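Asks: Before I ask anything, let me first share the structure, which is written out below as structure tokens.
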Amino acid sequence: SVAFGTGPDGRLLLASGSGDQTVRLWDPLTGAPAGKPLTGHTDLVFSVAFGTGPDGRLLLASGSYDQTVRLWDPLTGAPAGDPLTGHTDLVFSVAFGTGPDGRLLLASGSDDQTVRLWDPATRACIATLQRRSSVRSIAAAGLALAIGDDEGIIVIEWDGRAAR
């Protein structure tokens, strides 16, 4: 997985998840690494996503075969707290979006047939959406969350109402 993010200084970053259990940051203009690999996952990293909080703080999320979601400060390379746990199978996808109140939220989709919605500020799982098949991909735009699973695609709002 790869994702672009923009630092507070306007610098473009590229993050990549890897089979070597790391997340790496890159300068996409030069191709040079932007710091050391981010370590902590204990298995393949399937998904990465950038998000910016209301305070302008840049976050990076990663989802892994180790059933965890990790948050990182991509500017320092440091973990932003302990892993987010609760999935019972590999995490295929992570995506940031905005909640109804304007706060930054994180969604994670798993082979355990769930989408979990997290508040990165409190690290709490605020909702679990049960699906009938493995969740392969998630995309977020504002209040909308698109979920791709083995049965197709559904679009919902962050508060759980169907949007079609």
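Note on naming: chains are A, B, ... as they come in the structure tokens, residues start from 1 per chain, ligands start from 1 in the order shown.
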Skipping near chain neighbours, those fewer than 5 positions away, what residues fall within 12 Å of range 132-142 of chain A using only C-alpha atoms, listed as a compact mmCIF listing (two decimals) with N, CA, C and O atoms, in the first residue's frame?

Replies:
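Dumped everything to selection_29.txt:
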# COMPACT_ATOMS: atom_id res chain seq x y z
N SER A 1 0.83 -1.18 0.00
CA SER A 1 0.00 0.00 0.00
C SER A 1 0.88 1.25 0.00
O SER A 1 1.97 1.24 0.57
N ALA A 3 0.50 5.81 0.13
CA ALA A 3 -0.37 6.96 0.35
C ALA A 3 0.47 8.23 0.38
O ALA A 3 1.61 8.21 0.86
N PHE A 46 -0.42 -4.10 5.22
CA PHE A 46 -1.27 -4.07 4.04
C PHE A 46 -1.70 -2.67 3.62
O PHE A 46 -1.99 -2.44 2.46
N SER A 47 -1.83 -1.75 4.58
CA SER A 47 -2.45 -0.47 4.24
C SER A 47 -1.83 0.67 5.05
O SER A 47 -1.46 0.49 6.21
N VAL A 48 -1.73 1.82 4.40
CA VAL A 48 -1.29 3.06 5.05
C VAL A 48 -2.19 4.20 4.61
O VAL A 48 -2.73 4.17 3.51
N ALA A 49 -2.36 5.18 5.49
CA ALA A 49 -3.18 6.35 5.16
C ALA A 49 -2.73 7.53 6.02
O ALA A 49 -2.36 7.34 7.18
N PHE A 50 -2.76 8.72 5.43
CA PHE A 50 -2.47 9.96 6.15
C PHE A 50 -3.77 10.64 6.54
O PHE A 50 -4.76 10.56 5.82
N GLY A 51 -3.73 11.33 7.67
CA GLY A 51 -4.85 12.15 8.10
C GLY A 51 -4.33 13.38 8.82
O GLY A 51 -3.25 13.34 9.42
N GLY A 63 -2.25 -0.58 8.77
CA GLY A 63 -2.99 -1.79 9.12
C GLY A 63 -2.22 -3.00 8.68
O GLY A 63 -1.59 -3.00 7.62
N HIS A 87 -9.62 -6.03 16.17
CA HIS A 87 -9.89 -6.92 15.04
C HIS A 87 -9.41 -8.32 15.40
O HIS A 87 -8.42 -8.48 16.13
N THR A 88 -10.09 -9.32 14.87
CA THR A 88 -9.73 -10.71 15.14
C THR A 88 -9.13 -11.40 13.93
O THR A 88 -8.96 -12.62 13.94
N ASP A 89 -8.82 -10.63 12.90
CA ASP A 89 -8.16 -11.16 11.71
C ASP A 89 -7.39 -10.00 11.08
O ASP A 89 -7.44 -8.87 11.56
N LEU A 90 -6.70 -10.27 10.01
CA LEU A 90 -5.83 -9.27 9.39
C LEU A 90 -6.59 -8.01 8.99
O LEU A 90 -7.77 -8.06 8.68
N VAL A 91 -5.89 -6.88 9.07
CA VAL A 91 -6.45 -5.58 8.70
C VAL A 91 -6.00 -5.26 7.28
O VAL A 91 -4.81 -5.08 7.03
N PHE A 92 -6.96 -5.23 6.35
CA PHE A 92 -6.67 -4.98 4.95
C PHE A 92 -6.55 -3.50 4.60
O PHE A 92 -5.85 -3.13 3.68
N SER A 93 -7.31 -2.64 5.30
CA SER A 93 -7.40 -1.26 4.83
C SER A 93 -7.63 -0.30 5.99
O SER A 93 -8.31 -0.63 6.96
N VAL A 94 -7.03 0.89 5.85
CA VAL A 94 -7.27 1.99 6.79
C VAL A 94 -7.52 3.26 5.99
O VAL A 94 -6.98 3.43 4.89
N ALA A 95 -8.36 4.15 6.54
CA ALA A 95 -8.66 5.42 5.87
C ALA A 95 -9.12 6.43 6.91
O ALA A 95 -9.83 6.08 7.85
N PHE A 96 -8.68 7.67 6.75
CA PHE A 96 -9.12 8.76 7.62
C PHE A 96 -10.28 9.49 6.98
O PHE A 96 -10.36 9.62 5.76
N GLY A 97 -11.19 9.98 7.82
CA GLY A 97 -12.30 10.81 7.37
C GLY A 97 -12.65 11.79 8.48
O GLY A 97 -11.97 11.87 9.49
N THR A 98 -13.75 12.48 8.27
CA THR A 98 -14.19 13.50 9.21
C THR A 98 -15.53 13.10 9.79
O THR A 98 -16.45 12.75 9.05
N GLY A 99 -15.66 13.16 11.10
CA GLY A 99 -16.91 12.85 11.76
C GLY A 99 -17.91 13.98 11.63
O GLY A 99 -17.58 15.08 11.18
N PRO A 100 -19.17 13.73 12.04
CA PRO A 100 -20.21 14.75 11.94
C PRO A 100 -19.87 16.04 12.69
O PRO A 100 -20.30 17.11 12.31
N ASP A 101 -19.06 15.93 13.73
CA ASP A 101 -18.68 17.10 14.52
C ASP A 101 -17.36 17.72 14.05
O ASP A 101 -16.84 18.61 14.69
N GLY A 102 -16.83 17.25 12.92
CA GLY A 102 -15.61 17.81 12.36
C GLY A 102 -14.33 17.18 12.86
O GLY A 102 -13.25 17.53 12.39
N ARG A 103 -14.42 16.25 13.79
CA ARG A 103 -13.20 15.64 14.30
C ARG A 103 -12.68 14.57 13.34
O ARG A 103 -13.43 13.97 12.56
N LEU A 104 -11.38 14.32 13.41
CA LEU A 104 -10.74 13.31 12.60
C LEU A 104 -11.12 11.93 13.12
O LEU A 104 -11.09 11.67 14.32
N LEU A 105 -11.53 11.05 12.21
CA LEU A 105 -11.84 9.66 12.53
C LEU A 105 -11.03 8.75 11.63
O LEU A 105 -10.60 9.14 10.55
N LEU A 106 -10.83 7.53 12.08
CA LEU A 106 -10.09 6.53 11.33
C LEU A 106 -10.96 5.29 11.20
O LEU A 106 -11.57 4.85 12.17
N ALA A 107 -11.02 4.75 10.00
CA ALA A 107 -11.73 3.50 9.76
C ALA A 107 -10.72 2.42 9.43
O ALA A 107 -9.72 2.67 8.74
N SER A 108 -10.97 1.22 9.92
CA SER A 108 -10.14 0.07 9.58
C SER A 108 -11.05 -1.07 9.15
O SER A 108 -12.08 -1.33 9.77
N GLY A 109 -10.67 -1.74 8.06
CA GLY A 109 -11.44 -2.85 7.53
C GLY A 109 -10.64 -4.12 7.61
O GLY A 109 -9.43 -4.13 7.34
N SER A 110 -11.32 -5.22 7.95
CA SER A 110 -10.61 -6.45 8.26
C SER A 110 -11.23 -7.68 7.61
O SER A 110 -12.40 -7.69 7.23
N ASP A 111 -10.41 -8.72 7.57
CA ASP A 111 -10.86 -10.03 7.12
C ASP A 111 -11.85 -10.64 8.13
O ASP A 111 -12.49 -11.63 7.84
N ASP A 112 -11.98 -10.02 9.32
CA ASP A 112 -12.95 -10.49 10.31
C ASP A 112 -14.37 -10.00 10.01
O ASP A 112 -15.27 -10.17 10.83
N GLN A 113 -14.55 -9.38 8.83
CA GLN A 113 -15.85 -8.94 8.34
C GLN A 113 -16.39 -7.72 9.10
O GLN A 113 -17.60 -7.52 9.19
N THR A 114 -15.48 -6.92 9.63
CA THR A 114 -15.92 -5.71 10.32
C THR A 114 -15.16 -4.49 9.81
O THR A 114 -14.05 -4.60 9.29
N VAL A 115 -15.80 -3.35 10.00
CA VAL A 115 -15.17 -2.05 9.87
C VAL A 115 -15.25 -1.44 11.26
O VAL A 115 -16.32 -1.40 11.88
N ARG A 116 -14.11 -1.00 11.76
CA ARG A 116 -14.08 -0.34 13.05
C ARG A 116 -13.80 1.14 12.83
O ARG A 116 -12.95 1.49 12.02
N LEU A 117 -14.55 1.98 13.54
CA LEU A 117 -14.33 3.42 13.50
C LEU A 117 -13.65 3.83 14.80
O LEU A 117 -14.12 3.48 15.89
N ILE A 147 -17.01 1.25 1.48
CA ILE A 147 -16.49 -0.02 1.95
C ILE A 147 -16.58 -1.01 0.80
O ILE A 147 -17.65 -1.25 0.25
N GLY A 148 -15.45 -1.57 0.42
CA GLY A 148 -15.42 -2.62 -0.59
C GLY A 148 -15.17 -3.95 0.09
O GLY A 148 -14.18 -4.13 0.79
N ASP A 149 -16.12 -4.87 -0.09
CA ASP A 149 -15.94 -6.19 0.49
C ASP A 149 -16.19 -7.24 -0.58
O ASP A 149 -16.37 -6.92 -1.75
N ASP A 150 -16.19 -8.50 -0.19
CA ASP A 150 -16.33 -9.58 -1.16
C ASP A 150 -17.70 -9.61 -1.83
O ASP A 150 -17.89 -10.30 -2.82
N GLU A 151 -18.66 -8.83 -1.31
CA GLU A 151 -20.00 -8.79 -1.88
C GLU A 151 -20.24 -7.56 -2.74
O GLU A 151 -21.27 -7.45 -3.38
N GLY A 152 -19.33 -6.60 -2.74
CA GLY A 152 -19.51 -5.40 -3.54
C GLY A 152 -19.07 -4.17 -2.79
O GLY A 152 -18.17 -4.21 -1.96
N ILE A 153 -19.74 -3.05 -3.06
CA ILE A 153 -19.39 -1.77 -2.46
C ILE A 153 -20.64 -1.17 -1.83
O ILE A 153 -21.72 -1.21 -2.40
N ILE A 154 -20.45 -0.59 -0.66
CA ILE A 154 -21.52 0.15 -0.01
C ILE A 154 -20.94 1.48 0.44
O ILE A 154 -19.77 1.55 0.82
N VAL A 155 -21.73 2.53 0.37
CA VAL A 155 -21.31 3.83 0.86
C VAL A 155 -22.21 4.19 2.03
O VAL A 155 -23.43 4.10 1.93
N ILE A 156 -21.58 4.58 3.13
CA ILE A 156 -22.34 4.97 4.31
C ILE A 156 -21.82 6.32 4.78
O ILE A 156 -20.79 6.80 4.32
N GLU A 157 -22.54 6.92 5.72
CA GLU A 157 -22.04 8.12 6.39
C GLU A 157 -21.39 7.68 7.68
O GLU A 157 -21.68 6.61 8.20
N TRP A 158 -20.49 8.52 8.22
CA TRP A 158 -19.76 8.15 9.43
C TRP A 158 -20.67 7.85 10.59
O TRP A 158 -20.34 7.09 11.48
N ASP A 159 -21.89 8.41 10.60
CA ASP A 159 -22.78 8.12 11.71
C ASP A 159 -23.56 6.83 11.49
O ASP A 159 -24.41 6.46 12.28

Asks: Which neighbours of Gly40 in chain A fall inside 9 Å, counting only C-alpha atoms, when residues of the same chain fewer than 4 positions from it are skipped, and could you give them as a list in words?

Replies: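 In the requested form, the answer reads Gln21, Thr22, Arg70, Pro79 and Pro83 of chain A.
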
Asks: Suppose you want the space between CA of Asp73 in chain A and CA of Gly7 in chain A; what is it in Å?

Replies: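 Separation between CA of Asp73 in chain A and CA of Gly7 in chain A: 10.6 Å.
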
Asks: Work out how far apart CA of Gly35 in chain A and CA of Arg123 in chain A are and give it in Å to one decimal.

Replies: 25.2 Å

Asks: Skip Asp20 in chain A itself and residues of its chain fewer than 2 positions away, then list as number ranges by chain all residues within 8 Å of it, counting only C-alpha atoms.

Replies: A: 18, 22, 43-45

Asks: Which parts of chain A does DSSP call strand (DSSP E or B) when run on the backbone here, written out as number ranges by chain?

Replies: A: 2-6, 12-17, 23-26, 33, 38, 45-52, 58-64, 69-73, 78-79, 84, 91-98, 104-110, 114-119, 124-130, 135-141, 144-149, 152-157, 162

Asks: So that I can see what lies close to Gly86 in chain A, please list as an NGL selection string the residues with an atom at most 9 Å from it, counting only C-alpha atoms and leaving out residues fewer than 6 positions away in the same chain.

Replies: :A and (67-68 or 116 or 125)

Asks: Given only C-alpha atoms as the basis, pick out the residue of A:Leu38, A:Leu84, A:Leu129, A:Ala32 nearest to Gly17 in chain A.

Replies: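 Among the listed residues, A:Leu38 lies closest to Gly17 in chain A.
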
Asks: Using only C-alpha atoms, find the one residue out of A:Ala127, A:Leu145, A:Ala34, A:Ala80 that sits nearest to Ser62 in chain A.

Replies: A:Ala80

Asks: Have a look at A:Val23, A:Leu71, A:Leu58, A:Leu29 and name the one nearest to Asp9 in chain A; count only C-alpha atoms.

Replies: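 Smallest distance to Asp9 in chain A is found for A:Leu58.
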